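Trainee: See input-v2.cif below, with mmCIF, N, CA and C atoms.
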```cif
data_my_file
loop_
_atom_site.label_atom_id
_atom_site.label_comp_id
_atom_site.auth_asym_id
_atom_site.auth_seq_id
_atom_site.Cartn_x
_atom_site.Cartn_y
_atom_site.Cartn_z
N MET A 1 9.51 -18.93 17.75
CA MET A 1 9.63 -19.98 18.73
C MET A 1 9.06 -19.59 20.09
N LEU A 2 9.37 -18.38 20.53
CA LEU A 2 8.86 -17.97 21.84
C LEU A 2 7.35 -17.79 21.85
N GLU A 3 6.78 -17.58 20.68
CA GLU A 3 5.34 -17.39 20.60
C GLU A 3 4.59 -18.66 20.22
N SER A 4 5.28 -19.78 20.16
CA SER A 4 4.60 -21.03 19.80
C SER A 4 3.59 -21.39 20.88
N ALA A 5 2.56 -22.09 20.49
CA ALA A 5 1.51 -22.49 21.44
C ALA A 5 2.10 -23.32 22.57
N HIS A 6 3.05 -24.19 22.24
CA HIS A 6 3.66 -25.05 23.26
C HIS A 6 4.42 -24.22 24.30
N THR A 7 5.21 -23.24 23.84
CA THR A 7 5.97 -22.39 24.76
C THR A 7 5.03 -21.55 25.60
N VAL A 8 4.01 -21.01 24.98
CA VAL A 8 3.03 -20.20 25.74
C VAL A 8 2.37 -21.06 26.82
N GLU A 9 2.01 -22.28 26.50
CA GLU A 9 1.39 -23.17 27.48
C GLU A 9 2.34 -23.49 28.63
N GLN A 10 3.61 -23.73 28.31
CA GLN A 10 4.60 -24.00 29.36
C GLN A 10 4.77 -22.79 30.27
N LEU A 11 4.86 -21.61 29.67
CA LEU A 11 5.01 -20.40 30.47
C LEU A 11 3.75 -20.12 31.29
N ALA A 12 2.60 -20.42 30.72
CA ALA A 12 1.35 -20.23 31.45
C ALA A 12 1.29 -21.17 32.66
N ALA A 13 1.80 -22.39 32.50
CA ALA A 13 1.84 -23.33 33.62
C ALA A 13 2.76 -22.83 34.72
N VAL A 14 3.92 -22.28 34.34
CA VAL A 14 4.84 -21.70 35.32
C VAL A 14 4.18 -20.53 36.02
N GLU A 15 3.51 -19.69 35.26
CA GLU A 15 2.83 -18.53 35.84
C GLU A 15 1.74 -18.96 36.83
N HIS A 16 0.98 -19.97 36.47
CA HIS A 16 -0.06 -20.44 37.39
C HIS A 16 0.55 -20.98 38.68
N GLU A 17 1.63 -21.73 38.54
CA GLU A 17 2.31 -22.26 39.73
C GLU A 17 2.81 -21.12 40.62
N ARG A 18 3.39 -20.08 39.99
CA ARG A 18 3.88 -18.92 40.73
C ARG A 18 2.74 -18.21 41.43
N TRP A 19 1.66 -17.98 40.71
CA TRP A 19 0.49 -17.30 41.26
C TRP A 19 -0.12 -18.11 42.41
N ALA A 20 -0.28 -19.41 42.22
CA ALA A 20 -0.88 -20.25 43.26
C ALA A 20 -0.02 -20.25 44.52
N HIS A 21 1.28 -20.29 44.36
CA HIS A 21 2.20 -20.25 45.50
C HIS A 21 2.02 -18.93 46.26
N TRP A 22 1.96 -17.81 45.52
CA TRP A 22 1.77 -16.50 46.15
C TRP A 22 0.41 -16.43 46.85
N GLN A 23 -0.62 -16.89 46.18
CA GLN A 23 -1.95 -16.83 46.78
C GLN A 23 -2.03 -17.67 48.06
N GLN A 24 -1.39 -18.82 48.06
CA GLN A 24 -1.37 -19.65 49.27
C GLN A 24 -0.66 -18.91 50.39
N TYR A 25 0.44 -18.24 50.07
CA TYR A 25 1.16 -17.45 51.06
C TYR A 25 0.26 -16.36 51.62
N VAL A 26 -0.42 -15.62 50.74
CA VAL A 26 -1.32 -14.56 51.19
C VAL A 26 -2.42 -15.13 52.08
N HIS A 27 -3.04 -16.20 51.65
CA HIS A 27 -4.11 -16.82 52.44
C HIS A 27 -3.60 -17.26 53.81
N ASP A 28 -2.39 -17.79 53.84
CA ASP A 28 -1.82 -18.24 55.11
C ASP A 28 -1.56 -17.09 56.08
N GLN A 29 -1.39 -15.88 55.55
CA GLN A 29 -1.13 -14.70 56.39
C GLN A 29 -2.41 -14.07 56.90
N CYS A 30 -3.53 -14.43 56.32
CA CYS A 30 -4.81 -13.79 56.62
C CYS A 30 -5.56 -14.51 57.74
N GLU A 31 -6.53 -13.80 58.26
CA GLU A 31 -7.43 -14.38 59.25
C GLU A 31 -8.73 -14.77 58.54
N ARG A 32 -9.05 -16.06 58.59
CA ARG A 32 -10.27 -16.53 57.93
C ARG A 32 -11.48 -16.22 58.80
N GLN A 33 -12.48 -15.65 58.17
CA GLN A 33 -13.72 -15.30 58.86
C GLN A 33 -14.71 -16.46 58.79
N GLU A 34 -15.74 -16.41 59.60
CA GLU A 34 -16.75 -17.48 59.61
C GLU A 34 -17.40 -17.68 58.26
N ASP A 35 -17.54 -16.59 57.49
CA ASP A 35 -18.19 -16.69 56.18
C ASP A 35 -17.22 -17.14 55.08
N GLY A 36 -15.96 -17.42 55.46
CA GLY A 36 -14.97 -17.87 54.49
C GLY A 36 -14.12 -16.75 53.91
N SER A 37 -14.48 -15.52 54.16
CA SER A 37 -13.67 -14.41 53.66
C SER A 37 -12.37 -14.32 54.46
N LEU A 38 -11.43 -13.60 53.91
CA LEU A 38 -10.12 -13.45 54.53
C LEU A 38 -9.86 -11.99 54.86
N VAL A 39 -9.23 -11.75 56.01
CA VAL A 39 -8.85 -10.40 56.39
C VAL A 39 -7.32 -10.34 56.41
N ILE A 40 -6.79 -9.43 55.61
CA ILE A 40 -5.34 -9.25 55.57
C ILE A 40 -4.95 -8.36 56.75
N PRO A 41 -3.97 -8.78 57.54
CA PRO A 41 -3.52 -7.92 58.63
C PRO A 41 -3.08 -6.55 58.10
N ALA A 42 -3.37 -5.51 58.84
CA ALA A 42 -3.10 -4.14 58.40
C ALA A 42 -1.63 -3.91 58.06
N ASP A 43 -0.72 -4.48 58.85
CA ASP A 43 0.70 -4.25 58.58
C ASP A 43 1.12 -4.86 57.24
N LEU A 44 0.58 -6.03 56.91
CA LEU A 44 0.90 -6.64 55.62
C LEU A 44 0.25 -5.88 54.47
N ALA A 45 -0.98 -5.46 54.66
CA ALA A 45 -1.65 -4.67 53.61
C ALA A 45 -0.86 -3.41 53.33
N ALA A 46 -0.38 -2.75 54.37
CA ALA A 46 0.40 -1.52 54.19
C ALA A 46 1.74 -1.82 53.50
N ARG A 47 2.41 -2.88 53.93
CA ARG A 47 3.70 -3.25 53.33
C ARG A 47 3.55 -3.59 51.86
N TRP A 48 2.53 -4.40 51.55
CA TRP A 48 2.32 -4.79 50.16
C TRP A 48 1.93 -3.60 49.30
N GLN A 49 1.18 -2.66 49.85
CA GLN A 49 0.81 -1.47 49.09
C GLN A 49 2.04 -0.65 48.73
N VAL A 50 2.96 -0.52 49.68
CA VAL A 50 4.22 0.19 49.41
C VAL A 50 4.98 -0.53 48.30
N GLN A 51 5.04 -1.86 48.36
CA GLN A 51 5.75 -2.62 47.32
C GLN A 51 5.07 -2.44 45.96
N ILE A 52 3.76 -2.43 45.94
CA ILE A 52 3.01 -2.22 44.69
C ILE A 52 3.39 -0.89 44.06
N GLU A 53 3.54 0.12 44.89
CA GLU A 53 3.79 1.48 44.41
C GLU A 53 5.27 1.77 44.16
N THR A 54 6.14 0.84 44.49
CA THR A 54 7.59 1.05 44.36
C THR A 54 8.09 0.46 43.05
N LYS A 55 8.84 1.25 42.31
CA LYS A 55 9.46 0.75 41.08
C LYS A 55 10.53 -0.26 41.44
N TYR A 56 10.76 -1.20 40.55
CA TYR A 56 11.73 -2.26 40.79
C TYR A 56 13.09 -1.69 41.20
N ALA A 57 13.57 -0.68 40.50
CA ALA A 57 14.89 -0.11 40.78
C ALA A 57 15.00 0.45 42.19
N GLU A 58 13.87 0.78 42.79
CA GLU A 58 13.87 1.37 44.13
C GLU A 58 13.61 0.35 45.24
N LEU A 59 13.40 -0.91 44.88
CA LEU A 59 13.19 -1.94 45.88
C LEU A 59 14.46 -2.22 46.65
N SER A 60 14.31 -2.81 47.84
CA SER A 60 15.48 -3.25 48.59
C SER A 60 16.12 -4.41 47.84
N GLU A 61 17.36 -4.71 48.14
CA GLU A 61 18.05 -5.82 47.49
C GLU A 61 17.32 -7.14 47.77
N ARG A 62 16.79 -7.29 48.97
CA ARG A 62 16.05 -8.51 49.33
C ARG A 62 14.78 -8.65 48.46
N GLU A 63 14.07 -7.54 48.27
CA GLU A 63 12.85 -7.57 47.44
C GLU A 63 13.20 -7.84 45.98
N LYS A 64 14.29 -7.26 45.50
CA LYS A 64 14.72 -7.53 44.13
C LYS A 64 15.06 -9.00 43.96
N GLU A 65 15.75 -9.57 44.94
CA GLU A 65 16.13 -10.99 44.84
C GLU A 65 14.89 -11.87 44.79
N SER A 66 13.86 -11.50 45.52
CA SER A 66 12.60 -12.25 45.47
C SER A 66 12.02 -12.24 44.06
N ASP A 67 12.06 -11.09 43.40
CA ASP A 67 11.57 -11.00 42.02
C ASP A 67 12.47 -11.80 41.07
N ARG A 68 13.77 -11.75 41.31
CA ARG A 68 14.69 -12.53 40.46
C ARG A 68 14.41 -14.03 40.60
N GLU A 69 14.12 -14.47 41.80
CA GLU A 69 13.80 -15.88 42.01
C GLU A 69 12.60 -16.29 41.17
N GLN A 70 11.62 -15.42 41.08
CA GLN A 70 10.44 -15.73 40.28
C GLN A 70 10.79 -15.80 38.80
N VAL A 71 11.63 -14.89 38.32
CA VAL A 71 12.03 -14.89 36.91
C VAL A 71 12.78 -16.18 36.58
N ARG A 72 13.57 -16.65 37.52
CA ARG A 72 14.35 -17.88 37.28
C ARG A 72 13.44 -19.09 37.02
N ARG A 73 12.21 -19.03 37.46
CA ARG A 73 11.28 -20.12 37.19
C ARG A 73 10.92 -20.17 35.70
N TYR A 74 10.95 -19.03 35.03
CA TYR A 74 10.59 -18.95 33.62
C TYR A 74 11.75 -19.26 32.69
N LEU A 75 12.96 -19.00 33.15
CA LEU A 75 14.12 -19.11 32.27
C LEU A 75 14.30 -20.47 31.60
N PRO A 76 14.13 -21.60 32.29
CA PRO A 76 14.30 -22.88 31.59
C PRO A 76 13.37 -23.03 30.39
N VAL A 77 12.15 -22.56 30.49
CA VAL A 77 11.20 -22.66 29.37
C VAL A 77 11.66 -21.76 28.23
N VAL A 78 12.07 -20.55 28.55
CA VAL A 78 12.52 -19.61 27.52
C VAL A 78 13.78 -20.13 26.83
N LEU A 79 14.74 -20.58 27.63
CA LEU A 79 15.98 -21.11 27.05
C LEU A 79 15.71 -22.32 26.16
N ASN A 80 14.85 -23.20 26.60
CA ASN A 80 14.50 -24.38 25.80
C ASN A 80 13.86 -23.96 24.48
N ALA A 81 12.98 -22.98 24.53
CA ALA A 81 12.33 -22.51 23.31
C ALA A 81 13.33 -21.91 22.33
N LEU A 82 14.34 -21.23 22.86
CA LEU A 82 15.34 -20.62 21.99
C LEU A 82 16.27 -21.64 21.35
N MET A 83 16.41 -22.79 21.98
CA MET A 83 17.32 -23.81 21.47
C MET A 83 16.66 -24.72 20.45
N ILE A 84 15.37 -24.62 20.31
CA ILE A 84 14.65 -25.49 19.36
C ILE A 84 14.85 -24.98 17.94
#
```
Could I get this structure in the form of structure tokens?
Mentor:
Amino acid sequence: MLESAHTVEQLAAVEHERWAHWQQYVHDQCERQEDGSLVIPADLAARWQVQIETKYAELSEREKESDREQVRRYLPVVLNALMI
């Protein structure tokens, strides 16, 4: 059930929505250049690099909650697939 084409498509749609939301946030934090490129402020680049390199268990509670919020977007699709 979890591997059905329908469930995969639903999860892919959730993933795209999550990714698009994150990308919009990143773009909003950047400085747009005349050529259309984006420059990430150094403090954000440094902060995000630390987060990239940090294991989940070592994240702050606030950062963990942010990840949990993202997982909660997937749960309705997974639960629905399990009930079919």
Trainee: Please indicate the distance in Å from CA of Ala57 (chain A) to CA of Glu69 (chain A), rounded to one decimal place.
Mentor: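 Answer for the CA of Ala57 (chain A) to CA of Glu69 (chain A) separation: 15.9 Å.
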Trainee: What's the 8 Å shell around Arg18 (chain A), counting all atoms listed in the file, without same-chain residues fewer than 6 positions away, as a list in words?
Mentor: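 Final neighbour list, sorted by chain and number: Ala12, Gln24 and Gln70 of chain A.
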Trainee: Place a sphere of radius 12 Å on (4.4, -23.0, 21.8) in the file coordinates and name every protein, DNA or RNA residue with an atom inside or on its surface, counting only C-alpha atoms; give the answer as a count of residues only.
Mentor: 18
Trainee: What is the CA of Tyr74 (chain A) to CA of Glu17 (chain A) distance in Å?
Mentor: 10.8 Å
Trainee: Can you pull out every residue within 7 Å of region 40-42 of chain A, counting only C-alpha atoms, but drop anything in the same chain fewer than 2 positions away, and send it as a ChimeraX atom specification?
Mentor: /A:29-31,38,44-46
Trainee: What does the distance between atom C of Tyr56 (chain A) and atom N of Gln23 (chain A) come to in Å, to one decimal place?
Mentor: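 The value is 21.1 Å.
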Trainee: Apply DSSP to the backbone of this structure and, from chain A, keep only the residues in alpha helix (DSSP H); write these as a PyMOL selection string.
Mentor: chain A and resi 5-29+42-53+61-83
